[in-house]
Structures are given as C-alpha cells and as structure tokens.
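This report concerns only the one structure given below.
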Amino acid sequence: MQSLVQSVFFVLRQVVLCMSLATAVLAAAEVDTDRSGVERGDAALAKADYLGAAQAFVRAFSVGGRERIERLMTEDEAFRKAVWAAAEKNDPDALLLRARAYSLGQGVPKNPAAAVEWCRKAVELGHPGAMTLYGYLYSEGAGMPKDDTEAAKWFRKAAEQGHSVAQSYLGAYYDNGRGVPKDEAEAAKWFQKAAEQGYSIGQYNLGILYSNGRGVPKDDTEAAKWYRKSAEQGYSLAQYYLGVFYETGRGVTKDNAEAANWYRKAAEQGYAMAQYNLGTCYDAGRGVPKDDAEAAKWYRKAAEQGYAMAQNSLGVFYDNGRGVLKDDTEAAKWFRKAAEQGYSVAQLHLGMYFDTGRVVPKDADEAAKWYRKAAEQGHSIAQYNLGAFYDTGRSVSKDDVEAAKWYRKSAEQGYSVAQYMMGVFYYDGRGVPKDDVEAAKWFRKAAEQGYVWAQVNFGTLRETGRGIRKDEAEAVWWYWQAAEQGNETALKYLNAMLSSGRGVSKGLLKAVMAWDSMSPEFESQASRYRALSTRPHIIEEQRKYIVQANVLTQQKDYQGALEFYGKVLTVDPVSYPAAYFNMSLLAGEKGLYRSAIGFMRKYLLLAPAAKDARSAQDKIYEWELMLQK
C-alpha cells in the first residue's frame, strides 16, 4: 500500500495556492507585525475598553489578534455592541469588523449585502483591511457581482499600502492569472512582501514557488525555510509540506520523526492529507512506533473528509482486519467511495469484490467495468485482469487481440503474470504474430521476477534452443528455481536432465536433488568421514575448482560458483565439507531456500562440531521462515 502511497501525495500542486487564497480571504483585516498589540488589547479588555481592544487586535491581526476578534465577536455581546456603536460613528476599524462579522456570520446571521455596505464605508475612509475585504467580496461575488478585475484592483490598492493579506491575495491572483495577466515573477514579488511581514499564508505560498521553481529559482532549502516560518505560526498546509520535506529529505535532512511531528500538527487541525500521511507513518512504523489502530484512526479521519487515498487504505484495513475488526462490508463501502472518486487502486479492489462475489453479488459485468476504469488510468493489475476477461470471454466478447493489448500494457509496467501471458501469446501466436524470440523475451522477464511458470517455460526454451540460444546449464538453473517453489513439472524436467547428466556436473546434480532430506548413501558416507582420525586432504583438482568458485562468488556469478563447488563434490562428495556451507549461502542469495537448507544440513552432518555450527543451524531457521512466507 505504502508504494501506492507514496507516489501521489508528494506532488506540490498549484491548486493548493487557490486553497490558500480561499483560506486567507475571509481573514481580511488590518495585518500588522505589532506583536505588542495583543498585550495592549488584553489590557484594554481588562478595563472594559472594548473599542480600544478591537483597534489593538486589528493592528495585531496576524500575530494573535484574529483569534481574539473571532472569539469576542462571536461570544462577547458587550464587545460586539461596542464595535457596532463605533461603526455607527464611522470608526474605520469598527466598520471593518462589522463588515467582516456580516461576511462570516460572527454573532449575526450572514448577510453579504450588509457586509458590502459596511465595508464600503471603511473603504471610503482609506482602510487597507477594508479594501482587502472589498476585493474578496468581488472575488466571491458576495453581495455584489463577481468581478476578478475589480477584486485585483482593490487587492493592489491595499497591497501598495503594505497590507500583507492583500499582498498575498495579489500574489495569488498573479499566480493564477485571475483579474490580471498570469505572471509568476510578479506573484513571487508580492508573496515575498507578505512573507517578510510575517504573514503565514504569504510565507507558505512563497515556499510553494521556491519548491516548484516558479517565479523564483527552484530552491528546496529556501522553500523549507518559508514553510517552517509559516508552520511555526500554525498554518496547517505549511506544516503538512514541511512534513513532506522531512520525509523525503528535500531542503532539510531526512528525518521521519520530524515528518511525523509536522504531519501530526496539521492533522490535529483537520487537514486530510496530513491525517492520511500520519496514518501511513503509523502503518509502516516510520518516525513513530508501528500501530495499526492509530493508523486506522487517522485513515478514518481523512476518509470521512472524502480523501480517496485514505478511503482506500481504510478499506484495506477492514479487508485484512488490521487495526479494526475484519469486515468485508465496511471494506467494500470504503473501496466504493474511493473508486467513485476515480482512485484506481480502489477501483481494482472493488472490481475484485464483484469478480469474486465478496459481500457484493458476484457480477462479472461490474467487475469488468471497474477493472476497465482502473486499467484506463494505467493500473497494471487491472490491465492484466481486463486482459484476462478478453482472453476468456468473461463479460466481454472473447478477443485475443484486445487481450494481448491489455496484457502488454500491464507487462510493460513490469507485472510478472502479464509478462508471462505475453510470452504465452507470442509462443502460441494468439492475438499477436507467432514469435519465439518475443516469447523468450517475455518469459525471461517474468522468470527473473520469480514467476514459476515463466521459469519452467523459459527453461524449456533454453533446453531446446527455441527462440533463444540453447543452453542446458541455464535450463537446469531455471528448472531448479521453479522446482524450489514446489512446481512438479519443473521437478520432472529437472530430474530428466539430471538423470542424463545434462547441463550440470554430477556432483551438483546430487546436491541439487538433496533438498532438505538426506539419502541413506550420503548419511553412510558422512558417518565414515566423521569416524576418520585423519581427515583426507583435498587434491589439486579440487583446489582449482575451489579457487575458481571463490572468484565467481566475488564476481557475484552465484550460478557459476555453485557449478564449480559442484565439481569439487564430483571428485569427492565428503572431503571438503565447506563446499556445502558455501553452496548453502549461494543458494540462499538466489532465494533457493530448500536447496540452501539441504546443503547446510549436509555440512552439519559432516562437521557437527565446527566453530560455525551454531550460526549454520541459525541460517537454517532463517531459511525455514522464508519458505513459510
């Protein structure tokens, strides 16, 4: 899941700038860097000087004043009455706050027309905060006709007086080409002005531009700097992106714990993408202890806000019973919500539910519909599944050409089963011209990913020289790997080659066939070896093979090294126990765990008191675990 995750949420989208505009615009009021204004306002409140408090909070709007104003306007009737009375006397700050109250519905019902009326009075007195709100009302068409050109005009008037919120809006308008020609350099200029006054949204927007190299040179360090300034003021989007930067190591030293810390700050403010990312941290144990219940909690919070990736992840948790009680009905519900938003992974999951009849009625047509939606977005497994529908004629007319088309799309993305099917189609000439060379190419790609039937088929082509150079040793190698996975056909082919001594030395043949059991013949040889008072020396021929095997091991040619250690055993199967030890490690490197166990058991049978006997037995336990997986 996490691989899916990952890919989408790190993109810094332009739409975020538009979001920041909407977030900031309702906050329009006088913004100042007068940090002592909050203290003066609190002191005025203590004296019941409500108008003085209002004026002080307006001056300190961006550094704590806004929170005071919103609480007082909503909850404190005496404060609101004082503002109302001052507005009747044309106090500019009071006029603005009354207009803003009607715009937001603070202590009074929302009334856009009244907001325009009171705002206009403050604008006529030259109040820059009122000009900013006036621009907003034009931008939204609230109480007056929507007009981006007029909005930009009023934002500019306030911005040129140094009003940081207006500067940020004007930057956003230039960035989006609203009401003014699109001009990223001009956007950066105005964002910079707002940012340098400490306005958190201007700082965030400037960080976005540096992150993407728009209007300014791309500079992740500079982007991180501005995200941090904004984040430290509590702006959730900046907190989220600072988390992304820490998770990816962009502009800062990679630090998963710091990433989780910033995601949490944004998540606790209700930002869905941060909630989802925090969920992925708990899901993977990245920067926080792994905790499925916590992951599910944060996925749910984001999912309930409609975030598709979180909805899909929550569906997966219900599907697997991770962090929540297993519940296929709940899983299907969340998969559908994400699928209907166009999220391809959820569309695949929903298709699989209809395909198998889990919770929902089994319905091949519905399955095909959802597979197609995901496939058309490029999801490799959905492409394969849709290809399989055309291959078998389920829900659609059987069509080998269409099947091959979808198999190819999936195969070219590296999906091993689809690569195998492309090999089959080229081998049989179904939907594509018959072509053994192409068949061999696709079988090899799937075989190298461990797909067992591709290993069998590619081994057959190597054995017969069909579509590729004949190489019996290579054929044995692929049959061996497929037999390791329990494929009976591969074991049959391997036995046939080994019994005729084709493709590999006799010593390695016996070793390969050992698997994890001992033959009575070898146990008897080992018993005689252990009883010897003087162990036999290796002969020169064996030494040569050992040296050559060591060289191939250093070159990471493990197949060749196994072959030469096998030659050592061909000369004498018990005189050099270390050959079995080394072969076990080589087989383990190649994922041939049954053979690795068999080799190591032979080593321990020959040298039970060896200094490395304990670690050798521990490797067997490790490989047994890998086989269970």
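Every chain in the structure tokens takes a letter, A first, then B, and so on in the order presented; its residues are numbered from 1, and the ligands are numbered from 1 following the presented order.
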Check which residues of stretch 73-153 of chain A sit at most 7 Å from stretch 48-59 of chain A using only C-alpha atoms, and return one row each with the closest pair of atoms and their distance in Å to one decimal, ordered by chain and rising number, as a Markdown table.
| residue | atom | partner | partner_atom | distance |
| --- | --- | --- | --- | --- |
| A:Phe79 | CA | A:Tyr50 | CA | 5.4 |
| A:Ala82 | CA | A:Tyr50 | CA | 6.1 |
| A:Val83 | CA | A:Leu51 | CA | 6.2 |
| A:Asp93 | CA | A:Gln55 | CA | 6.1 |
Note to self: For the helix (DSSP H, G or I) assignment from backbone DSSP, which residues of stretch 399-485 of chain A qualify? Please present them as an MDAnalysis selection string.
What the structure shows: chainID A and resid 400:411 416:428 436:448 452:464 472:484
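Closest approach to A:Leu95 among A:Ala587, A:Arg71, A:Lys121, A:Phe564: A:Lys121, based on only C-alpha atoms.
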Margin query: Please report the interatomic distance between atom CA of A:Ala172 and atom CA of A:Lys229 in Å with one decimal.
Written below: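 A separation of 18.8 Å between them.
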Next item on the list: For A:Ala578, work out the shell of residues within 7 Å, counting only C-alpha atoms and skipping chain neighbours fewer than 3 positions away, then give it as a list in words.
Entry: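 Using only C-alpha atoms, the neighbours found are Phe581, Asn582 and Tyr603 of chain A.
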Store the residues picked out above in a file with C-alpha atoms, as a compact mmCIF listing (two decimals), in the first residue's frame.
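Listing of part-v4.txt after writing:
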# COMPACT_ATOMS: atom_id res chain seq x y z
CA PHE A 581 28.42 -24.48 3.54
CA ASN A 582 29.35 -22.13 0.71
CA TYR A 603 27.52 -29.55 6.06
